[in-house]
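**Q** Below is the file my_file-v5.txt, with compact mmCIF, C-alpha atoms.
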# COMPACT_ATOMS: atom_id res chain seq x y z
CA MET A 20 155.68 95.74 96.02
CA PRO A 21 157.77 94.55 99.02
CA MET A 22 156.10 92.29 101.62
CA LYS A 23 155.84 95.11 104.14
CA GLY A 24 154.05 97.28 101.55
CA ILE A 25 151.67 94.47 100.66
CA LYS A 26 150.79 93.89 104.30
CA GLY A 27 150.25 97.61 104.84
CA PHE A 28 147.95 97.77 101.81
CA ALA A 29 145.96 94.76 103.08
CA LEU A 30 145.54 96.35 106.50
CA ALA A 31 144.41 99.66 104.99
CA LEU A 32 142.00 97.81 102.72
CA ALA A 33 140.62 95.88 105.66
CA MET A 34 139.98 99.09 107.58
CA LEU A 35 138.23 100.67 104.58
CA LEU A 36 136.09 97.63 103.78
CA LEU A 37 135.27 96.61 107.31
CA GLY A 38 132.16 98.81 107.42
CA SER A 39 131.18 98.60 103.76
CA VAL A 40 131.17 94.91 102.88
CA ILE A 41 128.86 93.94 105.71
CA PRO A 42 125.07 94.29 105.31
CA LEU A 43 123.33 97.01 107.30
CA GLY A 44 122.58 95.78 110.80
CA LEU A 45 125.62 93.53 110.90
CA ALA A 46 128.20 96.27 110.78
CA GLU A 47 127.57 97.36 114.35
CA SER A 48 129.88 95.79 116.92
CA ASN A 49 131.71 96.67 120.05
CA ASN A 50 134.77 98.78 119.41
CA ASN A 51 137.44 96.40 120.61
CA THR A 52 140.16 98.93 119.83
CA GLY A 53 139.03 101.25 122.62
CA SER A 54 141.72 100.03 124.98
CA TYR A 55 144.32 100.79 122.35
CA THR A 56 143.32 104.42 121.89
CA GLY A 57 146.33 106.64 122.10
CA VAL A 58 148.71 103.67 122.16
CA ALA A 59 151.13 103.23 119.33
CA MET A 60 150.63 99.70 117.94
CA ASP A 61 153.07 97.78 115.81
CA ASN A 62 151.89 95.97 112.66
CA SER A 63 151.51 92.58 114.34
CA THR A 64 149.31 94.00 117.09
CA ARG A 65 147.24 95.93 114.51
CA GLU A 66 146.82 92.77 112.42
CA MET A 67 145.63 90.85 115.47
CA VAL A 68 143.06 93.55 116.34
CA ILE A 69 141.71 93.84 112.78
CA ALA A 70 141.68 90.06 112.30
CA GLY A 71 139.74 89.66 115.54
CA GLN A 72 137.20 92.27 114.53
CA LEU A 73 136.74 90.66 111.12
CA ILE A 74 136.30 87.19 112.63
CA ASP A 75 133.63 88.58 114.96
CA GLN A 76 131.82 90.25 112.07
CA LEU A 77 132.29 87.17 109.89
CA GLN A 78 130.68 84.87 112.46
CA ARG A 79 127.68 87.13 112.68
CA LEU A 80 127.42 87.41 108.90
CA SER A 81 127.76 83.63 108.59
CA LYS A 82 124.87 83.11 111.04
CA PHE A 83 122.76 85.65 109.18
CA ALA A 84 123.41 83.92 105.82
CA GLU A 85 122.84 80.49 107.37
CA ASP A 86 119.40 81.50 108.65
CA LYS A 87 118.44 82.77 105.20
CA ILE A 88 119.96 80.11 102.95
CA GLU A 89 120.02 76.79 104.83
CA PRO A 90 116.18 76.41 104.90
CA ILE A 91 116.04 76.59 101.08
CA LYS A 92 119.40 74.99 100.32
CA ASP A 93 117.94 71.66 99.19
CA LYS A 94 115.58 73.42 96.77
CA LEU A 95 118.36 75.30 94.95
CA PRO A 96 120.01 73.90 91.80
CA GLU A 97 123.62 72.83 92.27
CA ASN A 98 124.97 75.56 89.98
CA SER A 99 122.91 78.39 91.47
CA THR A 100 124.74 81.65 92.18
CA ILE A 101 123.38 81.63 95.72
CA LEU A 102 124.68 78.15 96.54
CA THR A 103 128.02 78.56 94.75
CA HIS A 104 128.96 81.74 96.61
CA TYR A 105 127.51 80.55 99.92
CA GLU A 106 129.68 77.43 99.85
CA LEU A 107 132.76 79.46 98.88
CA ALA A 108 132.02 81.84 101.74
CA GLU A 109 131.75 78.96 104.19
CA ASP A 110 135.07 77.53 103.02
CA TYR A 111 136.88 80.86 103.35
CA LYS A 112 135.27 81.47 106.73
CA GLU A 113 136.56 78.19 108.14
CA LYS A 114 139.96 78.95 106.70
CA ALA A 115 139.99 82.46 108.18
CA VAL A 116 139.00 81.16 111.63
CA SER A 117 141.70 78.48 111.55
CA GLU A 118 144.32 81.02 110.49
CA TYR A 119 143.28 83.40 113.27
CA GLU A 120 143.48 80.68 115.88
CA ALA A 121 146.95 79.75 114.56
CA GLY A 122 148.09 83.38 114.86
CA ASP A 123 148.29 83.91 111.06
CA TYR A 124 146.43 87.20 111.30
CA TYR A 125 147.44 88.59 107.92
CA ASN A 126 146.03 85.68 105.90
CA SER A 127 143.03 85.50 108.25
CA ILE A 128 142.23 89.12 107.32
CA LEU A 129 142.42 88.39 103.59
CA ASP A 130 140.31 85.23 103.83
CA SER A 131 137.76 86.94 106.09
CA LEU A 132 137.34 89.68 103.50
CA THR A 133 137.02 87.09 100.75
CA ALA A 134 134.42 85.16 102.75
CA MET A 135 132.46 88.36 103.37
CA HIS A 136 132.49 89.13 99.65
CA HIS A 137 131.02 85.70 98.80
CA TYR A 138 128.40 85.99 101.54
CA LYS A 139 127.41 89.38 100.16
CA VAL A 140 127.07 88.02 96.59
CA ALA A 141 125.04 85.04 97.83
CA LEU A 142 122.68 87.22 99.88
CA SER A 143 122.25 89.74 97.04
CA ALA A 144 121.40 86.88 94.65
CA LEU A 145 118.96 85.54 97.24
CA ASN A 146 117.19 88.91 97.48
CA GLU A 147 116.96 89.17 93.69
CA ALA A 148 115.57 85.64 93.50
CA LYS A 149 112.98 86.43 96.17
CA GLU A 150 111.89 89.55 94.33
CA LYS A 151 111.57 87.58 91.10
CA VAL A 152 109.63 84.82 92.85
CA GLN A 153 107.33 87.42 94.39
CA ASP A 154 106.69 89.00 90.98
CA VAL A 155 105.87 85.65 89.41
CA ARG A 156 103.77 84.64 92.42
CA GLU A 157 101.73 87.85 92.12
CA ARG A 158 101.31 87.31 88.39
CA ILE A 159 100.05 83.77 88.92
CA LYS A 160 97.74 84.92 91.72
CA MET A 161 96.28 87.68 89.55
CA GLU A 162 95.75 85.21 86.70
CA ILE A 163 93.88 82.87 89.04
CA GLU A 164 91.71 85.75 90.24
CA ARG A 165 90.87 86.61 86.63
CA MET A 166 89.92 82.97 86.08
CA THR A 167 86.97 83.42 88.47
CA GLU A 168 85.14 85.54 85.89
CA TYR A 169 86.17 83.16 83.10
CA PHE A 170 84.75 80.20 85.01
CA ARG A 171 81.46 82.06 85.50
CA PHE A 172 81.30 82.58 81.74
CA VAL A 173 81.91 78.85 81.15
CA GLU A 174 79.23 77.92 83.71
CA LYS A 175 76.73 80.24 82.00
CA THR A 176 77.56 78.72 78.61
CA ILE A 177 77.07 75.21 79.99
CA ARG A 178 73.64 76.16 81.37
CA LEU A 179 72.50 77.92 78.18
CA ALA A 180 73.75 75.18 75.86
CA GLY A 181 72.40 72.40 78.09
CA ASN A 182 68.96 74.03 78.19
CA GLN A 183 68.90 74.01 74.38
CA GLY A 184 69.78 70.34 74.10
CA ILE A 185 73.43 70.78 73.14
CA ASP A 186 75.84 68.10 74.39
CA VAL A 187 78.00 69.76 77.04
CA SER A 188 79.50 66.64 78.63
CA ASN A 189 83.02 67.28 77.31
CA LEU A 190 82.83 70.97 78.19
CA THR A 191 81.64 70.17 81.71
CA ALA A 192 84.40 67.60 82.26
CA LEU A 193 87.13 69.97 81.03
CA TYR A 194 85.67 72.78 83.10
CA ASN A 195 85.85 70.69 86.27
CA GLU A 196 89.40 69.53 85.49
CA THR A 197 90.61 73.07 84.77
CA ARG A 198 88.95 74.56 87.83
CA ASP A 199 90.49 71.86 90.04
CA ALA A 200 93.91 72.41 88.43
CA TYR A 201 93.85 76.11 89.25
CA LYS A 202 92.69 75.34 92.79
CA VAL A 203 95.80 73.17 93.23
CA VAL A 204 97.99 76.12 92.18
CA LEU A 205 96.23 78.39 94.66
CA ASP A 206 96.75 75.82 97.43
CA ASP A 207 100.45 75.64 96.51
CA LEU A 208 100.80 79.40 96.83
CA LYS A 209 98.99 79.41 100.17
CA ALA A 210 101.37 76.70 101.39
CA GLY A 211 104.35 78.74 100.23
CA ASP A 212 105.56 76.02 97.85
CA TYR A 213 106.51 78.21 94.92
CA GLU A 214 108.29 75.53 92.86
CA LYS A 215 105.26 73.22 92.98
CA ALA A 216 102.96 76.16 92.21
CA LYS A 217 105.00 76.99 89.12
CA ALA A 218 104.86 73.40 87.85
CA ASP A 219 101.15 73.02 88.61
CA TYR A 220 100.46 76.36 86.93
CA GLU A 221 101.82 75.00 83.65
CA VAL A 222 99.53 71.98 83.98
CA ALA A 223 96.57 74.28 84.67
CA LYS A 224 97.33 76.36 81.57
CA GLU A 225 97.37 73.21 79.43
CA LYS A 226 93.98 72.24 80.83
CA LYS A 227 92.64 75.74 80.09
CA ALA A 228 93.84 75.54 76.47
CA LEU A 229 91.76 72.39 76.00
CA LEU A 230 88.81 74.03 77.74
CA ASP A 231 89.12 77.10 75.49
CA GLU A 232 88.89 74.97 72.37
CA GLU A 233 85.87 73.03 73.62
CA LEU A 234 84.21 76.25 74.77
CA ARG A 235 84.68 77.72 71.30
CA LYS A 236 82.98 74.70 69.72
CA VAL A 237 80.00 74.83 72.09
CA ARG A 238 79.67 78.62 71.73
CA GLU A 239 79.60 78.25 67.96
CA GLU A 240 76.97 75.52 68.20
CA LEU A 241 74.99 77.69 70.60
CA ALA A 242 75.24 80.63 68.23
CA TYR A 243 73.78 78.64 65.34
CA ALA A 244 71.02 77.40 67.61
CA ASN A 245 70.16 81.07 68.19
CA ALA A 246 71.06 82.34 64.74
CA GLU A 247 67.83 84.27 64.21
CA GLU A 248 68.15 86.26 67.45
CA ILE A 249 71.87 86.99 66.86
CA VAL A 250 71.35 88.11 63.27
CA LYS A 251 68.44 90.37 64.20
CA ASP A 252 70.53 91.98 66.96
CA PHE A 253 73.37 92.48 64.46
CA LEU A 254 71.03 94.22 61.99
CA ILE A 255 69.61 96.58 64.63
CA LYS A 256 73.02 97.59 66.00
CA GLY A 257 74.55 97.70 62.53
CA GLU A 258 71.90 100.10 61.22
CA LYS A 259 72.42 102.39 64.20
CA GLY A 260 76.20 102.20 63.77
CA MET A 261 75.98 103.16 60.09
CA GLU A 262 73.83 106.17 60.97
CA ILE A 263 76.39 107.33 63.53
CA ALA A 264 79.29 106.79 61.12
CA GLN A 265 77.53 108.63 58.27
CA LYS A 266 76.74 111.59 60.51
CA ALA A 267 80.34 111.66 61.79
CA ILE A 268 81.61 111.66 58.19
CA GLU A 269 79.35 114.57 57.25
CA VAL A 270 80.40 116.62 60.30
CA GLY A 271 84.05 115.74 59.67
CA GLU A 272 83.91 116.86 56.05
CA GLN A 273 82.26 120.14 57.08
CA ASN A 274 85.13 120.79 59.51
CA GLY A 275 87.87 119.76 57.07
CA TYR A 276 88.83 116.48 58.80
CA ASN A 277 90.26 113.48 56.97
CA VAL A 278 87.41 110.93 57.06
CA THR A 279 88.82 108.52 54.46
CA GLU A 280 89.47 105.66 56.88
CA LEU A 281 86.03 105.89 58.48
CA GLN A 282 84.40 106.02 55.04
CA GLU A 283 86.32 102.90 53.94
CA ARG A 284 85.24 101.01 57.05
CA LEU A 285 81.64 102.14 56.56
CA ASP A 286 81.65 100.98 52.93
CA ALA A 287 83.12 97.58 53.84
CA PHE A 288 80.62 97.08 56.65
CA SER A 289 77.68 98.22 54.50
CA GLU A 290 78.49 95.50 51.98
CA VAL A 291 78.50 92.83 54.71
CA TYR A 292 75.34 94.29 56.24
CA SER A 293 73.49 94.17 52.92
CA HIS A 294 74.49 90.53 52.38
CA VAL A 295 73.36 89.51 55.87
CA LYS A 296 70.07 91.41 55.56
CA ALA A 297 69.29 89.81 52.21
CA LEU A 298 69.71 86.34 53.71
CA ALA A 299 67.74 87.33 56.81
CA ASP A 300 64.87 88.59 54.64
CA GLU A 301 64.73 85.07 53.14
CA GLY A 302 64.75 83.49 56.59
CA LYS A 303 68.20 81.97 56.03
CA TRP A 304 69.42 82.76 59.54
CA GLU A 305 72.24 80.23 59.69
CA ASP A 306 73.61 81.34 56.32
CA ALA A 307 73.43 84.95 57.49
CA LEU A 308 75.34 84.02 60.66
CA THR A 309 78.00 82.31 58.56
CA VAL A 310 78.47 85.52 56.56
CA MET A 311 78.90 87.39 59.84
CA LYS A 312 81.42 84.83 61.04
CA ASP A 313 83.41 84.99 57.80
CA ASN A 314 83.54 88.80 57.97
CA ARG A 315 84.15 89.12 61.69
CA GLU A 316 87.25 91.31 61.24
CA THR A 317 85.38 93.82 59.06
CA ILE A 318 82.52 93.98 61.57
CA VAL A 319 84.83 94.43 64.58
CA GLU A 320 86.86 97.15 62.85
CA PHE A 321 83.71 99.07 61.94
CA HIS A 322 82.22 98.93 65.43
CA ASN A 323 85.58 99.97 66.91
CA ALA A 324 85.55 102.98 64.62
CA VAL A 325 81.99 103.85 65.66
CA GLU A 326 82.93 103.45 69.33
CA PHE A 327 85.85 105.83 68.79
CA VAL A 328 83.48 108.41 67.27
CA LEU A 329 81.07 108.02 70.18
CA ARG A 330 83.90 108.36 72.69
CA LYS A 331 85.01 111.64 71.11
CA VAL A 332 81.43 112.92 71.10
CA ARG A 333 81.07 112.04 74.77
CA GLU A 334 84.37 113.72 75.59
CA ARG A 335 83.08 116.96 74.06
CA GLU A 336 79.77 116.44 75.84
CA LEU A 337 81.61 116.00 79.14
CA ASP A 338 83.72 119.11 78.56
CA GLU A 339 80.56 121.14 78.08
CA LYS A 340 78.84 119.68 81.11
CA LEU A 341 81.85 120.21 83.38
CA LYS A 342 81.67 123.94 82.78
CA ASP A 343 79.04 123.77 85.54
CA VAL A 344 80.15 120.96 87.83
CA ARG A 345 77.25 121.28 90.27
CA ALA A 346 74.69 121.03 87.48
CA PHE A 347 76.57 118.06 85.99
CA LEU A 348 76.57 116.17 89.30
CA ARG A 349 72.85 116.85 89.85
CA GLU A 350 72.06 115.62 86.35
CA MET A 351 74.16 112.47 86.79
CA ASN A 352 72.56 111.63 90.13
CA ASP A 353 69.08 112.17 88.65
CA ARG A 354 69.90 109.90 85.71
CA ILE A 355 71.23 107.18 88.00
CA GLN A 356 68.06 107.24 90.12
CA LYS A 357 65.76 107.25 87.05
CA ASP A 358 67.71 104.44 85.38
CA ALA A 359 67.62 102.37 88.58
CA LYS A 360 63.82 102.76 88.70
CA ALA A 361 63.51 101.86 84.99
CA LEU A 362 65.63 98.74 85.45
CA ARG A 363 63.49 97.62 88.41
CA GLU A 364 60.38 97.94 86.23
CA LEU A 365 62.00 95.96 83.40
CA LYS A 366 63.12 93.28 85.85
CA SER A 367 59.58 92.96 87.19
CA ARG A 368 58.48 92.23 83.61
CA GLY A 369 60.96 89.36 83.35
CA VAL A 370 63.75 91.17 81.49
CA ASP A 371 67.29 90.06 82.43
CA THR A 372 68.79 93.35 83.63
CA THR A 373 71.94 91.92 85.25
CA ARG A 374 74.44 93.51 82.89
CA ALA A 375 72.73 96.91 82.91
CA GLU A 376 72.57 96.82 86.73
CA VAL A 377 76.33 96.21 86.88
CA GLN A 378 76.94 99.09 84.47
CA LEU A 379 74.76 101.37 86.59
CA LYS A 380 76.70 100.43 89.73
CA VAL A 381 79.96 101.16 87.92
CA ALA A 382 78.59 104.56 86.88
CA ALA A 383 77.65 105.42 90.46
CA GLN A 384 81.01 104.25 91.77
CA GLU A 385 83.00 106.19 89.16
CA LEU A 386 80.93 109.29 89.88
CA ARG A 387 81.77 109.03 93.60
CA ILE A 388 85.47 108.58 92.86
CA GLY A 389 85.39 111.61 90.57
CA VAL A 390 83.80 113.74 93.30
CA GLU A 391 86.48 112.68 95.81
CA LEU A 392 89.20 113.57 93.31
CA LEU A 393 87.63 116.98 92.77
CA LYS A 394 87.69 117.55 96.53
CA ALA A 395 91.38 116.57 96.46
CA LYS A 396 91.93 119.21 93.75
CA LYS A 397 92.73 116.65 91.04
CA PRO A 398 90.40 117.72 88.21
CA LEU A 399 92.12 115.80 85.40
CA GLN A 400 91.89 112.48 87.26
CA ALA A 401 88.30 113.31 88.22
CA LYS A 402 87.41 113.95 84.58
CA ALA A 403 88.66 110.47 83.59
CA HIS A 404 86.31 108.85 86.13
CA PHE A 405 83.42 111.09 85.12
CA ALA A 406 83.96 109.99 81.51
CA ILE A 407 83.61 106.33 82.51
CA ALA A 408 80.46 107.13 84.51
CA LEU A 409 78.94 108.98 81.56
CA ASP A 410 79.81 106.14 79.18
CA MET A 411 78.21 103.56 81.48
CA LEU A 412 75.04 105.64 81.76
CA HIS A 413 74.80 105.89 77.97
CA LYS A 414 74.97 102.09 77.76
CA VAL A 415 72.32 101.68 80.45
CA ASP A 416 70.07 104.17 78.65
CA GLU A 417 70.49 102.25 75.39
CA PHE A 418 69.54 99.01 77.18
CA ILE A 419 66.44 100.59 78.72
CA LEU A 420 65.40 102.09 75.39
CA ALA A 421 65.88 98.76 73.59
CA HIS A 422 63.65 96.89 76.09
CA SER A 423 61.00 99.52 76.70
Could you show the structure in this file as structure tokens?
**A**
Amino acid sequence: MPMKGIKGFALALAMLLLGSVIPLGLAESNNNTGSYTGVAMDNSTREMVIAGQLIDQLQRLSKFAEDKIEPIKDKLPENSTILTHYELAEDYKEKAVSEYEAGDYYNSILDSLTAMHHYKVALSALNEAKEKVQDVRERIKMEIERMTEYFRFVEKTIRLAGNQGIDVSNLTALYNETRDAYKVVLDDLKAGDYEKAKADYEVAKEKKALLDEELRKVREELAYANAEEIVKDFLIKGEKGMEIAQKAIEVGEQNGYNVTELQERLDAFSEVYSHVKALADEGKWEDALTVMKDNRETIVEFHNAVEFVLRKVRERELDEKLKDVRAFLREMNDRIQKDAKALRELKSRGVDTTRAEVQLKVAAQELRIGVELLKAKKPLQAKAHFAIALDMLHKVDEFILAHS
């Protein structure tokens, strides 16, 4: 392509890209070509006008990028996309300005466009990095919030084990170290120092891994110290679970369902149950607990299967009840009030009702949410919350029955 054609193409390209390569908010500028309207301009005059406009836009874009990148420049790795393109943009900007001042408008246009391209890449990379940092920051923050409940569990274990004469010195020391480590991470996030927060978070996770292991040891020791109570609770719940599973199998067979898997899990659990009960009948509580520990997977799988059966039963129960919503809501409110009264009576007798009280509060809250969703004409979402409320009330009722 002859030189004249190349220059014409560059000018056309400049005109096309002038509004598109610049971020929103930076593309607005005074129309310096207003005085030329209706005047035929030769190529040199047109180059000067376009070059001037580009230099004006470039200076503004440079200042915008400088405000965003310079404050974090020292924290970026040398080979970062942001830094690489920012430095290239700065170099091309200086070159474009020098060329404009020297009257080399054609090359100034090309270098201005090149500088704008590198600024755009650097700023896009910066935005992506900020979004990624924000995602990780939120993940870390959520993890720290979840740790609050974990720390309460550790504190409770320390109290229970300590009261029973178990050595909790190592557990207490690791608990304090881990809690302090997570507090450092939270302070880093509050201070806006993401890089330090990320490094301190790794340290905190290492501390937690050590705490987890020590907690497991103490919990196991605590379990054996309370073997009789744990085994007895297992036998009561296990007997009830087997009754539910057997009834579900009978109903399933009557309706032509495939109950093979549930039957297999019931058979496997029954074998473990019989072994544990035989040892318990002989007063060998620790041996019985060891059998439970060795067959933990079988026990968990069975109770998961029973919970699935109960969930399906409750779903059908809920479907029936929701045929008359008003009656369902009256019944639920009555149950919540009666259960609250029953829990107060149990608490006055010295029974620890904390967990049941929480479950009752959840039931009341879920019921309220469900009602609001019904008002908003969202029955499916409402049903999901009603299901949770009903499930919580069943658990509270079981607790009350077990301690009455």
**Q** Between atom CA of A:Leu230 and atom CA of A:Val310, measure the distance and give it in Å to one decimal.
**A**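 We find that atom CA of A:Leu230 and atom CA of A:Val310 lie 26.2 Å from each other.
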**Q** Got a sec: who's within 7 Å of stretch 121-126 of chain A, counting all atoms listed in the file, leaving out chain neighbours fewer than 5 positions off, as a ChimeraX atom specification?
**A** /A:66-67,70
**Q** Suppose you want the space between atom CA of A:Val344 and atom CA of A:Val332; what is it in Å?
**A**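 Going from atom CA of A:Val344 over to atom CA of A:Val332, I get 18.6 Å.
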**Q** Got a sec to check which residues sit within 12 Å of (69.9, 104.2, 79.5), counting only C-alpha atoms, and write them as JSON, numbers by chain?
**A** {"A": [351, 354, 355, 356, 357, 358, 359, 360, 361, 362, 372, 375, 376, 378, 379, 382, 409, 410, 411, 412, 413, 414, 415, 416, 417, 418, 419, 420, 421, 422, 423]}
**Q** Go through A:Asp300, A:Asp75, A:Glu350, A:Glu118 and flag the residue nearest A:Leu254, using all atoms listed in the file for the distances.
**A** A:Asp300
**Q** Find the distance between atom CA of A:Gln78 and atom CA of A:Asp130 and write it in Å to one decimal.
**A**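 Between atom CA of A:Gln78 and atom CA of A:Asp130 the gap works out to 12.9 Å.
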**Q** Which of these residues is nearest to A:Glu239, using all atoms listed in the file: A:Thr103, A:Thr309, A:Thr133, A:Lys380?
**A** A:Thr309
**Q** Residues near A:Glu385, anyone? I mean within 10 Å using all atoms listed in the file, not counting same-chain ones fewer than 3 positions away, as a PyMOL selection string.
**A** chain A and resi 379-382+388-391+401+403-409+411
**Q** Determine the nearest neighbour of A:Ala267 from the options A:Leu229, A:Ile255, A:Leu234, A:Leu329, counting only C-alpha atoms.
**A**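 The shortest atom-to-atom distance to A:Ala267 comes from A:Leu329.
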**Q** Identify which of the residues A:Leu190, A:Leu129, A:Ala141, A:Ala210 lies closest to A:Leu107, counting only C-alpha atoms when measuring atom-to-atom distances.
**A**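 Smallest separation from A:Leu107 among the options: A:Ala141.
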**Q** What lies within 9 Å of stretch 89-100 of chain A using all atoms listed in the file, ignoring chain neighbours under 5 positions off, as number ranges by chain?
**A** A: 84, 105, 140-141, 144-145, 214
**Q** Can I get the selected residues back with C-alpha atoms, as a PDB file, in the frame of the given file?
**A**
ATOM      1  CA  ALA A  84     123.410  83.920 105.820  1.00  0.00           C
ATOM      2  CA  TYR A 105     127.510  80.550  99.920  1.00  0.00           C
ATOM      3  CA  VAL A 140     127.070  88.020  96.590  1.00  0.00           C
ATOM      4  CA  ALA A 141     125.040  85.040  97.830  1.00  0.00           C
ATOM      5  CA  ALA A 144     121.400  86.880  94.650  1.00  0.00           C
ATOM      6  CA  LEU A 145     118.960  85.540  97.240  1.00  0.00           C
ATOM      7  CA  GLU A 214     108.290  75.530  92.860  1.00  0.00           C
TER       8      GLU A 214
END
**Q** Select, from A:Glu147, A:Glu326, A:Asp199, A:Asp207, the residue with the minimum atom-to-atom distance to A:Gly260, counting only C-alpha atoms.
**A**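 Of all the options, A:Glu326 lies closest to A:Gly260.
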**Q** What's around A:His137 at 6 Å? Count only C-alpha atoms, leave out sequence neighbours fewer than 2 positions away in its own chain, and write the answer as number ranges by chain.
**A** A: 104, 108, 134-135, 139-140
**Q** In terms of the shortest atom-to-atom distance over only C-alpha atoms, which of A:Phe321, A:Arg238, A:Tyr169, A:Val222 is closest to A:Gln265?
**A**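 With only C-alpha atoms as the atom set, the closest residue is A:Phe321.
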**Q** If we count only C-alpha atoms, what is near A:Met311 at a cut-off of 12 Å, once residues fewer than 3 positions away on the same chain are taken out, given as a ChimeraX atom specification?
**A** /A:242-243,246,249-254,257,288,290-296,298-299,304-308,314-319
**Q** Those residues with C-alpha atoms, as a JSON list (two decimals), in the frame of the given file please?
**A**
[["chain", "number", "residue", "atom", "x", "y", "z"],
["A", 242, "ALA", "CA", 75.24, 80.63, 68.23],
["A", 243, "TYR", "CA", 73.78, 78.64, 65.34],
["A", 246, "ALA", "CA", 71.06, 82.34, 64.74],
["A", 249, "ILE", "CA", 71.87, 86.99, 66.86],
["A", 250, "VAL", "CA", 71.35, 88.11, 63.27],
["A", 251, "LYS", "CA", 68.44, 90.37, 64.20],
["A", 252, "ASP", "CA", 70.53, 91.98, 66.96],
["A", 253, "PHE", "CA", 73.37, 92.48, 64.46],
["A", 254, "LEU", "CA", 71.03, 94.22, 61.99],
["A", 257, "GLY", "CA", 74.55, 97.70, 62.53],
["A", 288, "PHE", "CA", 80.62, 97.08, 56.65],
["A", 290, "GLU", "CA", 78.49, 95.50, 51.98],
["A", 291, "VAL", "CA", 78.50, 92.83, 54.71],
["A", 292, "TYR", "CA", 75.34, 94.29, 56.24],
["A", 293, "SER", "CA", 73.49, 94.17, 52.92],
["A", 294, "HIS", "CA", 74.49, 90.53, 52.38],
["A", 295, "VAL", "CA", 73.36, 89.51, 55.87],
["A", 296, "LYS", "CA", 70.07, 91.41, 55.56],
["A", 298, "LEU", "CA", 69.71, 86.34, 53.71],
["A", 299, "ALA", "CA", 67.74, 87.33, 56.81],
["A", 304, "TRP", "CA", 69.42, 82.76, 59.54],
["A", 305, "GLU", "CA", 72.24, 80.23, 59.69],
["A", 306, "ASP", "CA", 73.61, 81.34, 56.32],
["A", 307, "ALA", "CA", 73.43, 84.95, 57.49],
["A", 308, "LEU", "CA", 75.34, 84.02, 60.66],
["A", 314, "ASN", "CA", 83.54, 88.80, 57.97],
["A", 315, "ARG", "CA", 84.15, 89.12, 61.69],
["A", 316, "GLU", "CA", 87.25, 91.31, 61.24],
["A", 317, "THR", "CA", 85.38, 93.82, 59.06],
["A", 318, "ILE", "CA", 82.52, 93.98, 61.57],
["A", 319, "VAL", "CA", 84.83, 94.43, 64.58]]
